[in-house]
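Undergrad: Below is the file run-v1.csv, which contains CSV, C-alpha atoms and all ligand atoms.
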```
chain,number,residue,atom,x,y,z
P,25,MET,CA,-111.8,-23.2,-12.9
P,26,HIS,CA,-112.5,-23.2,-9.2
P,27,THR,CA,-113.2,-20.0,-7.3
P,28,ALA,CA,-111.4,-19.6,-4.0
P,29,VAL,CA,-114.8,-20.1,-2.3
P,30,GLU,CA,-115.3,-23.5,-4.1
P,31,GLU,CA,-111.8,-24.6,-3.3
P,32,ALA,CA,-112.2,-23.7,0.4
P,33,VAL,CA,-115.5,-25.7,0.5
P,34,ARG,CA,-113.8,-28.7,-1.2
P,35,LEU,CA,-110.9,-28.7,1.3
P,36,LEU,CA,-113.2,-28.3,4.3
P,37,ARG,CA,-115.3,-31.2,3.1
P,38,ALA,CA,-112.2,-33.3,2.7
P,39,GLY,CA,-111.3,-32.7,6.3
P,40,ASP,CA,-108.6,-30.1,5.7
P,41,VAL,CA,-108.0,-26.7,7.2
P,42,VAL,CA,-108.3,-23.3,5.4
P,43,ALA,CA,-107.6,-19.8,6.5
P,44,LEU,CA,-110.7,-17.5,6.0
P,45,PRO,CA,-111.5,-13.9,6.5
P,46,THR,CA,-114.1,-12.9,9.2
P,47,GLU,CA,-115.2,-9.5,10.3
P,48,THR,CA,-113.0,-9.8,13.5
P,49,VAL,CA,-109.7,-11.4,12.5
P,50,TYR,CA,-108.7,-14.2,10.0
P,51,GLY,CA,-109.7,-17.6,11.2
P,52,LEU,CA,-108.2,-21.1,10.7
P,53,ALA,CA,-111.3,-23.1,9.7
P,54,ALA,CA,-112.2,-26.8,9.8
P,55,ASP,CA,-115.4,-28.9,9.9
P,56,ALA,CA,-116.3,-28.5,13.5
P,57,LEU,CA,-118.0,-32.0,13.6
P,58,ASN,CA,-115.0,-33.8,12.3
P,59,PRO,CA,-112.4,-34.5,15.1
P,60,ALA,CA,-109.7,-35.4,12.6
P,61,ALA,CA,-110.1,-32.0,10.8
P,62,VAL,CA,-110.3,-30.2,14.2
P,63,ALA,CA,-107.0,-31.9,15.2
P,64,LYS,CA,-105.3,-30.2,12.2
P,65,ILE,CA,-106.2,-26.8,13.6
P,66,PHE,CA,-104.4,-27.5,16.8
P,67,GLU,CA,-101.5,-28.9,14.9
P,68,ALA,CA,-101.1,-26.0,12.4
P,69,LYS,CA,-101.4,-23.4,15.2
P,70,GLY,CA,-99.3,-25.3,17.8
P,71,ARG,CA,-102.3,-24.7,20.1
P,72,PRO,CA,-102.5,-26.8,23.3
P,73,SER,CA,-105.5,-29.1,23.4
P,74,TYR,CA,-106.9,-27.5,26.6
P,75,ASP,CA,-107.8,-24.3,24.7
P,76,PRO,CA,-111.3,-24.7,23.2
P,77,LEU,CA,-112.4,-23.4,19.8
P,78,ILE,CA,-115.2,-21.1,18.8
P,79,VAL,CA,-117.9,-22.8,16.6
P,80,HIS,CA,-119.3,-20.8,13.8
P,81,ILE,CA,-122.8,-21.5,12.4
P,82,ALA,CA,-124.3,-20.2,9.2
P,83,ASP,CA,-127.3,-18.4,10.9
P,84,LYS,CA,-129.3,-17.9,14.1
P,85,LYS,CA,-131.7,-20.8,13.2
P,86,GLN,CA,-128.8,-23.3,13.5
P,87,LEU,CA,-128.0,-22.5,17.1
P,88,ASP,CA,-129.9,-25.5,18.5
P,89,THR,CA,-127.9,-27.8,16.3
P,90,VAL,CA,-124.8,-27.2,18.4
P,91,ALA,CA,-126.1,-25.8,21.7
P,92,ASP,CA,-128.9,-26.1,24.2
P,93,VAL,CA,-130.4,-22.8,25.3
P,94,PRO,CA,-131.5,-23.2,29.0
P,95,GLU,CA,-135.1,-22.0,29.5
P,96,ALA,CA,-134.1,-19.5,32.2
P,97,ILE,CA,-131.9,-17.5,29.8
P,98,GLN,CA,-133.8,-18.1,26.6
P,99,LYS,CA,-135.4,-14.7,26.4
P,100,THR,CA,-132.0,-12.9,26.8
P,101,VAL,CA,-130.3,-15.2,24.3
P,102,ILE,CA,-133.0,-14.5,21.7
P,103,GLN,CA,-132.7,-10.7,22.3
P,104,LEU,CA,-128.9,-10.8,22.0
P,105,ILE,CA,-128.7,-12.8,18.8
P,106,GLU,CA,-131.5,-10.8,17.2
P,107,ARG,CA,-129.5,-7.7,17.9
P,108,PHE,CA,-125.9,-8.8,17.3
P,109,TRP,CA,-125.9,-11.8,14.9
P,110,PRO,CA,-124.4,-12.0,12.4
P,111,GLY,CA,-121.6,-10.2,14.2
P,112,PRO,CA,-118.7,-10.3,16.6
P,113,LEU,CA,-120.5,-11.7,19.7
P,114,THR,CA,-119.8,-15.3,20.9
P,115,LEU,CA,-122.1,-17.0,23.4
P,116,VAL,CA,-121.0,-19.8,25.7
P,117,LEU,CA,-123.9,-22.3,26.1
P,118,PRO,CA,-124.3,-25.9,27.1
P,119,LYS,CA,-123.1,-28.1,24.2
P,120,LYS,CA,-125.0,-30.6,22.1
P,121,ALA,CA,-123.5,-34.2,21.9
P,122,CYS,CA,-122.6,-33.8,18.2
P,123,VAL,CA,-119.9,-31.2,19.1
P,124,PRO,CA,-116.6,-33.2,19.6
P,125,ASP,CA,-114.8,-32.9,22.9
P,126,SER,CA,-111.7,-31.8,21.1
P,127,VAL,CA,-113.5,-28.6,20.0
P,128,THR,CA,-114.6,-27.7,23.5
P,129,ALA,CA,-111.5,-29.0,25.3
P,130,GLY,CA,-113.7,-31.4,27.2
P,131,LEU,CA,-115.9,-28.7,28.6
P,132,PRO,CA,-119.7,-29.2,28.8
P,133,SER,CA,-120.2,-25.8,27.0
P,134,VAL,CA,-119.6,-24.6,23.5
P,135,ALA,CA,-118.7,-21.1,22.3
P,136,VAL,CA,-120.9,-20.1,19.3
P,137,ARG,CA,-121.2,-17.2,16.8
P,138,VAL,CA,-122.4,-16.2,13.4
P,139,SER,CA,-119.9,-14.3,11.2
P,140,SER,CA,-121.1,-11.4,9.0
P,141,ASN,CA,-118.2,-11.7,6.6
P,142,PRO,CA,-119.8,-12.3,3.1
P,143,ILE,CA,-117.0,-14.6,2.0
P,144,PHE,CA,-117.1,-16.6,5.2
P,145,LYS,CA,-120.9,-16.8,4.8
P,146,ARG,CA,-120.7,-18.3,1.3
P,147,ILE,CA,-118.2,-20.9,2.5
P,148,ILE,CA,-120.1,-22.0,5.5
P,149,GLN,CA,-123.3,-22.2,3.4
P,150,GLY,CA,-121.5,-24.3,0.9
P,151,LEU,CA,-120.1,-26.6,3.5
P,152,GLU,CA,-123.5,-27.0,5.2
P,153,LYS,CA,-121.8,-27.8,8.5
P,154,PRO,CA,-120.6,-25.7,11.5
P,155,ILE,CA,-117.0,-24.4,11.3
P,156,ALA,CA,-114.5,-24.4,14.1
P,157,ALA,CA,-112.2,-21.4,13.6
P,158,PRO,CA,-109.8,-19.9,16.0
P,159,SER,CA,-107.5,-17.0,14.9
P,160,ALA,CA,-105.2,-18.0,12.1
P,161,ASN,CA,-101.9,-17.4,13.9
P,162,ARG,CA,-99.4,-19.6,15.7
P,163,PHE,CA,-100.5,-20.1,19.3
P,164,GLY,CA,-99.9,-17.1,21.6
P,165,ALA,CA,-98.9,-14.8,18.6
P,166,ILE,CA,-100.5,-11.7,17.2
P,167,SER,CA,-103.9,-12.3,15.5
P,168,PRO,CA,-103.9,-11.8,11.7
P,169,THR,CA,-106.1,-9.1,10.2
P,170,SER,CA,-105.0,-9.5,6.6
P,171,ALA,CA,-104.2,-12.5,4.3
P,172,ASN,CA,-100.5,-11.3,4.3
P,173,ALA,CA,-100.4,-11.6,8.1
P,174,VAL,CA,-101.8,-15.2,7.9
P,175,PHE,CA,-99.2,-16.0,5.3
P,176,ALA,CA,-96.5,-14.7,7.7
P,177,GLU,CA,-97.9,-16.9,10.5
P,178,LEU,CA,-98.8,-20.2,8.7
P,179,ASP,CA,-97.1,-20.4,5.4
P,180,GLY,CA,-96.2,-24.0,4.6
P,181,ARG,CA,-98.5,-25.3,7.3
P,182,ILE,CA,-101.9,-25.0,5.6
P,183,PRO,CA,-103.2,-25.6,2.0
P,184,LEU,CA,-105.1,-22.4,1.4
P,185,ILE,CA,-105.6,-18.8,2.5
P,186,VAL,CA,-108.7,-17.0,1.2
P,187,ASP,CA,-107.9,-13.3,0.9
P,188,GLY,CA,-110.9,-11.1,1.9
P,189,GLY,CA,-108.9,-7.9,2.4
P,190,ALA,CA,-108.5,-6.2,5.8
P,191,CYS,CA,-110.9,-7.3,8.7
P,192,MET,CA,-113.7,-4.8,9.5
P,193,HIS,CA,-113.3,-4.8,13.3
P,194,GLY,CA,-109.7,-6.0,13.7
P,195,LEU,CA,-110.2,-7.5,17.2
P,196,GLU,CA,-111.4,-11.0,18.2
P,197,SER,CA,-115.1,-11.4,19.1
P,198,THR,CA,-116.6,-10.5,22.5
P,199,ILE,CA,-117.2,-13.8,24.4
P,200,ILE,CA,-120.0,-13.8,27.0
P,201,LYS,CA,-121.9,-16.2,29.2
P,202,ILE,CA,-125.4,-15.5,30.5
P,203,GLU,CA,-126.8,-16.5,33.8
P,204,PRO,CA,-130.4,-16.0,35.1
P,205,GLY,CA,-130.7,-13.2,37.6
P,206,SER,CA,-133.3,-11.0,39.2
P,207,PRO,CA,-134.4,-8.4,38.2
P,208,LYS,CA,-132.0,-8.7,35.3
P,209,PRO,CA,-129.9,-11.6,33.9
P,210,MET,CA,-126.2,-11.5,34.5
P,211,ILE,CA,-123.9,-11.2,31.4
P,212,THR,CA,-120.3,-12.0,32.1
P,213,VAL,CA,-117.8,-10.9,29.5
P,214,LEU,CA,-115.2,-13.6,29.3
P,215,ARG,CA,-113.2,-11.8,26.6
P,216,PRO,CA,-113.8,-8.1,25.8
P,217,GLY,CA,-114.1,-7.3,22.1
P,218,PRO,CA,-116.0,-5.3,19.5
P,219,ILE,CA,-119.4,-5.7,21.1
P,220,THR,CA,-118.8,-3.4,24.1
P,221,VAL,CA,-120.0,-3.5,27.8
P,222,GLU,CA,-122.1,-0.4,26.9
P,223,ASP,CA,-123.7,-2.4,24.0
P,224,LEU,CA,-124.6,-5.3,26.3
P,225,LYS,CA,-126.0,-3.2,29.2
P,226,LEU,CA,-129.4,-3.0,27.5
P,227,TYR,CA,-129.8,-6.7,27.9
P,228,GLY,CA,-128.7,-7.4,31.5
P,229,LYS,CA,-126.3,-6.6,34.4
P,230,VAL,CA,-122.8,-6.8,32.8
P,231,GLN,CA,-119.6,-7.8,34.5
P,232,VAL,CA,-116.2,-8.2,32.9
P,233,ALA,CA,-114.5,-11.4,34.2
P,234,ASN,CA,-111.3,-10.6,36.0
P,235,ARG,CA,-109.1,-12.6,33.7
P,236,SER,CA,-106.4,-13.2,36.2
P,237,VAL,CA,-108.7,-15.2,38.3
P,238,VAL,CA,-110.8,-16.9,35.6
P,239,ASP,CA,-110.9,-20.6,36.5
P,240,GLU,CA,-108.9,-22.2,33.7
P,241,ALA,CA,-110.8,-25.5,33.9
P,242,THR,CA,-114.3,-24.3,33.6
P,243,GLU,CA,-114.5,-20.7,32.4
P,244,ALA,CA,-112.3,-19.5,29.6
P,245,PRO,CA,-109.2,-21.7,29.2
P,246,GLY,CA,-106.5,-20.1,27.2
P,247,GLN,CA,-107.5,-16.7,28.3
P,248,LEU,CA,-105.2,-16.7,31.3
P,249,ALA,CA,-101.8,-17.1,29.9
P,250,SER,CA,-99.8,-14.4,28.1
P,251,HIS,CA,-101.2,-14.1,24.6
P,252,TYR,CA,-101.3,-11.8,21.6
P,253,ALA,CA,-97.6,-11.3,22.1
P,254,PRO,CA,-95.1,-9.9,19.7
P,255,ARG,CA,-91.5,-11.4,19.8
P,256,THR,CA,-90.2,-7.9,20.7
P,257,PRO,CA,-90.7,-7.1,24.5
P,258,LEU,CA,-93.7,-4.8,24.9
P,259,ARG,CA,-94.2,-2.3,27.7
P,260,LEU,CA,-97.6,-0.7,28.4
P,261,LEU,CA,-97.3,2.7,30.1
P,262,SER,CA,-100.0,4.2,32.3
P,263,LYS,CA,-98.4,7.7,32.2
P,264,PRO,CA,-95.5,9.3,30.4
P,265,SER,CA,-93.3,9.5,33.6
P,266,ASP,CA,-93.4,5.7,33.8
P,267,PHE,CA,-90.7,5.5,31.2
P,268,THR,CA,-87.1,6.7,30.9
P,269,PRO,CA,-85.1,5.3,27.9
P,270,GLU,CA,-81.9,3.4,28.5
P,271,GLU,CA,-78.7,4.4,26.8
P,272,GLY,CA,-78.1,2.5,23.6
P,273,LYS,CA,-81.5,0.8,23.4
P,274,ARG,CA,-83.7,1.1,20.4
P,275,TYR,CA,-87.4,1.8,20.9
P,276,ALA,CA,-90.6,2.0,18.9
P,277,LEU,CA,-93.8,3.7,20.0
P,278,MET,CA,-97.4,2.5,19.5
P,279,SER,CA,-99.1,5.9,20.0
P,280,TYR,CA,-102.9,6.2,20.7
P,281,ARG,CA,-103.6,9.5,18.9
P,282,GLY,CA,-100.2,10.8,18.0
P,283,GLU,CA,-100.8,14.0,20.0
P,284,GLU,CA,-97.8,16.0,21.3
P,285,LYS,CA,-99.9,17.1,24.3
P,286,ASP,CA,-100.4,13.5,25.5
P,287,GLY,CA,-96.7,13.5,26.5
P,288,TYR,CA,-95.4,10.3,24.9
P,289,LEU,CA,-94.0,11.3,21.5
P,290,ASP,CA,-90.8,12.9,22.9
P,291,LEU,CA,-90.0,10.3,25.7
P,292,ALA,CA,-87.3,8.7,23.6
P,293,ASP,CA,-85.7,9.1,20.2
P,294,PHE,CA,-88.1,6.5,18.8
P,295,GLU,CA,-87.0,4.5,15.8
P,296,GLU,CA,-90.6,4.4,14.6
P,297,ILE,CA,-93.9,5.9,15.8
P,298,MET,CA,-97.1,4.4,14.6
P,299,VAL,CA,-100.4,6.0,15.5
P,300,LEU,CA,-103.6,4.0,16.1
P,301,SER,CA,-106.1,6.7,15.4
P,302,PRO,CA,-104.4,10.0,14.4
P,303,GLY,CA,-105.8,13.1,16.0
P,304,ASN,CA,-109.3,12.1,17.1
P,305,GLY,CA,-108.5,8.8,19.0
P,306,LYS,CA,-111.6,7.0,17.7
P,307,LEU,CA,-111.5,3.6,19.3
P,308,PRO,CA,-113.1,1.5,16.5
P,309,GLU,CA,-110.6,3.0,14.1
P,310,ALA,CA,-107.8,2.3,16.5
P,311,ALA,CA,-109.0,-1.3,16.7
P,312,VAL,CA,-108.9,-1.9,12.9
P,313,ARG,CA,-105.2,-0.8,12.9
P,314,PHE,CA,-104.3,-2.4,16.3
P,315,PHE,CA,-102.9,-5.8,15.4
P,316,TYR,CA,-101.5,-4.5,12.1
P,317,ILE,CA,-99.4,-1.9,13.9
P,318,LEU,CA,-98.3,-4.3,16.6
P,319,ARG,CA,-97.1,-6.8,13.9
P,320,THR,CA,-95.3,-4.0,11.9
P,321,LEU,CA,-93.5,-2.7,14.9
P,322,ASP,CA,-92.5,-6.2,15.9
P,323,GLN,CA,-90.7,-6.6,12.6
P,324,LEU,CA,-88.4,-3.7,13.2
P,325,GLY,CA,-86.1,-5.6,15.5
P,326,VAL,CA,-86.0,-2.9,18.2
P,327,ASP,CA,-85.3,-3.7,21.8
P,328,GLU,CA,-88.7,-2.7,23.1
P,329,ILE,CA,-92.1,-1.6,21.9
P,330,ILE,CA,-93.6,1.1,24.1
P,331,ALA,CA,-97.4,1.3,24.1
P,332,GLU,CA,-99.4,4.4,25.1
P,333,PRO,CA,-102.6,3.6,27.2
P,334,MET,CA,-106.1,4.1,25.8
P,335,PHE,CA,-109.3,5.2,27.4
P,336,GLU,CA,-110.9,2.1,29.0
P,337,HIS,CA,-114.4,2.4,27.6
P,338,GLY,CA,-115.9,1.0,24.4
P,339,MET,CA,-113.4,-0.9,22.4
P,340,GLY,CA,-110.6,0.6,24.6
P,341,ILE,CA,-111.4,-2.2,27.1
P,342,ALA,CA,-110.6,-4.9,24.6
P,343,MET,CA,-107.4,-3.2,23.3
P,344,MET,CA,-106.1,-2.6,26.9
P,345,ASP,CA,-106.8,-6.2,27.7
P,346,ARG,CA,-104.8,-7.4,24.7
P,347,LEU,CA,-101.9,-5.0,25.5
P,348,ARG,CA,-101.8,-6.2,29.2
P,349,ARG,CA,-101.6,-9.7,28.1
P,350,ALA,CA,-99.0,-9.0,25.4
P,351,ALA,CA,-96.9,-7.3,28.1
P,352,MET,CA,-97.3,-10.2,30.5
P,353,LYS,CA,-94.9,-12.3,28.5
P,354,PHE,CA,-91.9,-10.1,29.4
P,401,LIG,P1,-110.1,-17.9,19.4
P,401,LIG,O1,-108.7,-18.4,19.5
P,401,LIG,O2,-110.3,-16.5,19.0
P,401,LIG,O3,-111.0,-18.9,18.6
P,401,LIG,O4,-110.7,-18.0,20.8
P,401,LIG,C1,-111.2,-19.1,21.4
P,401,LIG,C2,-111.4,-18.7,22.9
P,401,LIG,O5,-112.8,-18.8,23.2
P,401,LIG,C3,-110.7,-19.7,23.8
P,401,LIG,O6,-109.4,-19.3,24.1
P,401,LIG,C4,-111.6,-19.6,25.0
P,401,LIG,O7,-111.1,-18.6,25.9
P,401,LIG,C5,-112.9,-19.2,24.5
P,401,LIG,N1,-113.8,-20.3,24.6
P,401,LIG,C6,-114.1,-21.2,23.6
P,401,LIG,N2,-114.9,-22.2,24.1
P,401,LIG,C7,-115.3,-21.8,25.3
P,401,LIG,C8,-116.1,-22.4,26.3
P,401,LIG,N3,-116.8,-23.5,26.1
P,401,LIG,N4,-116.2,-21.8,27.4
P,401,LIG,C9,-115.5,-20.6,27.7
P,401,LIG,N5,-114.7,-20.1,26.8
P,401,LIG,C10,-114.6,-20.7,25.6
P,402,MG,MG,-106.5,-16.5,19.0
```
Show me this structure written as structure tokens.
TA:
Amino acid sequence: MHTAVEEAVRLLRAGDVVALPTETVYGLAADALNPAAVAKIFEAKGRPSYDPLIVHIADKKQLDTVADVPEAIQKTVIQLIERFWPGPLTLVLPKKACVPDSVTAGLPSVAVRVSSNPIFKRIIQGLEKPIAAPSANRFGAISPTSANAVFAELDGRIPLIVDGGACMHGLESTIIKIEPGSPKPMITVLRPGPITVEDLKLYGKVQVANRSVVDEATEAPGQLASHYAPRTPLRLLSKPSDFTPEEGKRYALMSYRGEEKDGYLDLADFEEIMVLSPGNGKLPEAAVRFFYILRTLDQLGVDEIIAEPMFEHGMGIAMMDRLRRAAMKF
């Protein structure tokens, strides 16, 4: 009898892909140092080859097996990984030669993190190799936060999904790059996520890259295009008066706190209203439900999903980023 963990390790060793739980979203994993295995990730997802993958290592000590840490930012890198690893923080650093070009889309840098998910941990320890693992969804679609969601995305395209229950954070990792600076290093957030701007401020001057001007070739490819998109058109409001329903159209509402006083609940005769964080509007709680609610509303077959805005601090920055990019498709 094989456990799911043993089976996952066996498949990864054989150069196959496997969907695994992480604390952010489910990942589609392959041996990061095997280009043929990595090619299967791109194929299963329908992901374009110019979009680089995040490399997962088993622990902090392995960082120098895949990346070089420049002297000028070494102190900051150590502080950050001591504080946030294992966890949802991805660092972009100069890559080591062993990392295939297909993983980094030909870039001289590699994006690295250590997952805190106990199942993921056992599998990467069993494999004894770094794992490349983007989100386990078809390219451009909504990230999966449960094994069911992976099944809906990739059934028939991959040999195994390891079910680890719902993801703890529910949003993809925060991606940063670090540059030397005086008096403080500069931390640039390339993708906002569960480790917030406020969290990072203790370690340097923090800026959030304007993702509409990120240089596709060198910075965060794949971050520019519309992404995280449901099939149903999505509209993000900035205030209730932005929206008047059209006669005969069916709408669903993604509400932030489900509060009458916010002014969104009565804007239309909504076919369905789902609330991210009922009553108190706690942003980490909203994040856990975020992709699940988006996916559920997408399945209703309404004409449009209407999304309420959230506060843009903490994890609200990451969710508003995802909503803007989901809305860009339409
Ligand atoms: P995911 O699909 O969650 O694995 O996200 C991968 C994302 O990480 C890509 O779309 C890029 O935006 C970002 N990324 C990966 N590698 C790099 C890199 N070397 N430099 C900058 N961003 C990267
Ligand atoms: Mg993704």
Undergrad: Which protein, DNA or RNA residues have an atom at most 10 Å from (-111.6, -5.9, 14.3), counting only C-alpha atoms? List them as a list in words.
TA: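 Residues found, by chain and rising number: Thr46, Glu47, Thr48, Val49, Tyr50, Pro112, Thr169, Ala190, Cys191, Met192, His193, Gly194, Leu195, Glu196, Ser197, Gly217, Pro218, Pro308, Glu309, Ala310, Ala311, Val312, Arg313, Phe314, Phe315 and Met339 of chain P.
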Undergrad: Save the residues we just selected, C-alpha atoms, as a PDB file, in the frame of the given file?
TA:
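What landed in part-v6.pdb:
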```
ATOM      1  CA  THR P  46    -114.100 -12.900   9.200  1.00  0.00           C
ATOM      2  CA  GLU P  47    -115.200  -9.500  10.300  1.00  0.00           C
ATOM      3  CA  THR P  48    -113.000  -9.800  13.500  1.00  0.00           C
ATOM      4  CA  VAL P  49    -109.700 -11.400  12.500  1.00  0.00           C
ATOM      5  CA  TYR P  50    -108.700 -14.200  10.000  1.00  0.00           C
ATOM      6  CA  PRO P 112    -118.700 -10.300  16.600  1.00  0.00           C
ATOM      7  CA  THR P 169    -106.100  -9.100  10.200  1.00  0.00           C
ATOM      8  CA  ALA P 190    -108.500  -6.200   5.800  1.00  0.00           C
ATOM      9  CA  CYS P 191    -110.900  -7.300   8.700  1.00  0.00           C
ATOM     10  CA  MET P 192    -113.700  -4.800   9.500  1.00  0.00           C
ATOM     11  CA  HIS P 193    -113.300  -4.800  13.300  1.00  0.00           C
ATOM     12  CA  GLY P 194    -109.700  -6.000  13.700  1.00  0.00           C
ATOM     13  CA  LEU P 195    -110.200  -7.500  17.200  1.00  0.00           C
ATOM     14  CA  GLU P 196    -111.400 -11.000  18.200  1.00  0.00           C
ATOM     15  CA  SER P 197    -115.100 -11.400  19.100  1.00  0.00           C
ATOM     16  CA  GLY P 217    -114.100  -7.300  22.100  1.00  0.00           C
ATOM     17  CA  PRO P 218    -116.000  -5.300  19.500  1.00  0.00           C
ATOM     18  CA  PRO P 308    -113.100   1.500  16.500  1.00  0.00           C
ATOM     19  CA  GLU P 309    -110.600   3.000  14.100  1.00  0.00           C
ATOM     20  CA  ALA P 310    -107.800   2.300  16.500  1.00  0.00           C
ATOM     21  CA  ALA P 311    -109.000  -1.300  16.700  1.00  0.00           C
ATOM     22  CA  VAL P 312    -108.900  -1.900  12.900  1.00  0.00           C
ATOM     23  CA  ARG P 313    -105.200  -0.800  12.900  1.00  0.00           C
ATOM     24  CA  PHE P 314    -104.300  -2.400  16.300  1.00  0.00           C
ATOM     25  CA  PHE P 315    -102.900  -5.800  15.400  1.00  0.00           C
ATOM     26  CA  MET P 339    -113.400  -0.900  22.400  1.00  0.00           C
TER      27      MET P 339
END
```
Undergrad: List all protein, DNA and RNA residues that have an atom no more than 8 Å from any atom of ligand MG 402 (chain P), counting all atoms listed in the file, and report them as a short mmCIF file (atom, residue, chain, number, x, y, z; two decimals) with C-alpha atoms, in the frame of the given file.
TA:
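The result, stored in pocket-v1.cif:
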```
data_model
loop_
_atom_site.label_atom_id
_atom_site.label_comp_id
_atom_site.auth_asym_id
_atom_site.auth_seq_id
_atom_site.Cartn_x
_atom_site.Cartn_y
_atom_site.Cartn_z
CA PRO P 158 -109.80 -19.90 16.00
CA SER P 159 -107.50 -17.00 14.90
CA ALA P 160 -105.20 -18.00 12.10
CA ASN P 161 -101.90 -17.40 13.90
CA PHE P 163 -100.50 -20.10 19.30
CA GLY P 164 -99.90 -17.10 21.60
CA ALA P 165 -98.90 -14.80 18.60
CA ILE P 166 -100.50 -11.70 17.20
CA SER P 167 -103.90 -12.30 15.50
CA GLU P 196 -111.40 -11.00 18.20
CA TYR P 252 -101.30 -11.80 21.60
#
```
Undergrad: Could you list, as a PyMOL selection string, all residues that come within 8 Å of ligand LIG 401 (chain P)? Count all atoms listed in the file.
TA: chain P and resi 51+75-78+116-118+127-129+131-136+156-159+196-197+199+201+214-215+242-247
Undergrad: Would you mind telling me which residue in P:Leu324, P:Leu178, P:Ile148, P:Ile219 lies nearest to Ile105 (chain P) when using only C-alpha atoms?
TA: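 Residue with the minimum atom-to-atom distance to Ile105 (chain P): P:Ile219.
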Undergrad: So how many Å separate CA of Leu258 (chain P) and CA of Lys273 (chain P), to one decimal?
TA: 13.5 Å
Undergrad: Just the number, please: distance in Å from CA of Ile182 (chain P) to CA of Arg346 (chain P), one decimal.
TA: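 Between CA of Ile182 (chain P) and CA of Arg346 (chain P) the gap is 26.1 Å.
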Undergrad: Which residues, written as a PDB file with C-alpha atoms, keeping the file's coordinate frame, have at least one atom at most 8 Å from Ile330 (chain P), with only C-alpha atoms counted and residues fewer than 5 positions away on the same chain left out?
TA:
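As a result, selection32.pdb now contains:
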```pdb
ATOM      1  CA  LEU P 258     -93.700  -4.800  24.900  1.00  0.00           C
ATOM      2  CA  ARG P 259     -94.200  -2.300  27.700  1.00  0.00           C
ATOM      3  CA  LEU P 260     -97.600  -0.700  28.400  1.00  0.00           C
ATOM      4  CA  LEU P 261     -97.300   2.700  30.100  1.00  0.00           C
ATOM      5  CA  TYR P 275     -87.400   1.800  20.900  1.00  0.00           C
ATOM      6  CA  ALA P 276     -90.600   2.000  18.900  1.00  0.00           C
ATOM      7  CA  LEU P 277     -93.800   3.700  20.000  1.00  0.00           C
ATOM      8  CA  MET P 278     -97.400   2.500  19.500  1.00  0.00           C
TER       9      MET P 278
END
```
Undergrad: Please list as a list in words every residue within 12 Å of Asn58 (chain P), counting all atoms listed in the file and excluding residues in the same chain fewer than 5 positions away.
TA: Leu36, Arg37, Ala38, Gly39, Asp40, Val41, Ala53, Ala63, Lys64, Ile65, Cys122, Val123, Pro124, Asp125, Ser126, Val127, Lys153, Pro154, Ile155 and Ala156 of chain P
Undergrad: Would you compute the distance between CA of Gln323 (chain P) and CA of Asn172 (chain P)? Give it in Å to one decimal.
TA: 13.7 Å
Undergrad: Report as number ranges by chain all protein, DNA and RNA residues lying within 10 Å of Val29 (chain P), evaluated on only C-alpha atoms, omitting residues in the same chain fewer than 5 positions from it.
TA: P: 34, 44, 143-148, 150, 186
Undergrad: Of the candidates P:Leu57, P:Ile202, P:Met298, P:Val138, which one gets nearest to Val93 (chain P) if we count all atoms listed in the file?
TA: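 Among the listed residues, P:Ile202 lies closest to Val93 (chain P).
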Undergrad: Adding 5 Å on each side of the box along x, y and z that holds all listed atoms of region 61-68 of chain P, could you give its centre and edge lengths in Å to one decimal, as JSON?
TA:
```
{"center_x": -105.7, "center_y": -29.0, "center_z": 13.8, "size_x": 19.2, "size_y": 16.0, "size_z": 16.0}
```
Undergrad: Under the rule that all atoms listed in the file are counted, which of P:Ala43, P:Ala292, P:Pro110, P:Val101 is the nearest residue to Glu177 (chain P)?
TA: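 When distances to Glu177 (chain P) are compared using all atoms listed in the file, the smallest one comes from P:Ala43.
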Undergrad: When you count all atoms listed in the file, which of these residues is closest to Pro45 (chain P): P:Pro72, P:Gly130, P:Gly188, P:Pro94?
TA: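 Using all atoms listed in the file, Pro45 (chain P) sits closest to P:Gly188.
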Undergrad: For Lys69 (chain P), which residue out of P:Gly180, P:Arg137, P:Pro264, P:Leu151 is the nearest one, using all atoms listed in the file?
TA: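 For Lys69 (chain P), the nearest of the candidates is P:Gly180.
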Undergrad: Around (-100.5, -8.2, 24.2), as given in the file, which residues come within 8 Å? Count all atoms listed in the file and list them as a ChimeraX atom specification.
TA: /P:166,250-254,258,345-352
Undergrad: Please list as a list in words every residue within 6 Å of region 85-91 of chain P, counting only C-alpha atoms and excluding residues in the same chain fewer than 2 positions away.
TA: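 In the requested format, the answer is Asp83, Pro118, Lys119 and Lys120 of chain P.
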Undergrad: May I ask which of the residues P:Val299, P:Ile81, P:Met344, P:Leu115 is the closest one to Thr212 (chain P), counting only C-alpha atoms?
TA: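 Selected residue with least distance to Thr212 (chain P): P:Leu115.
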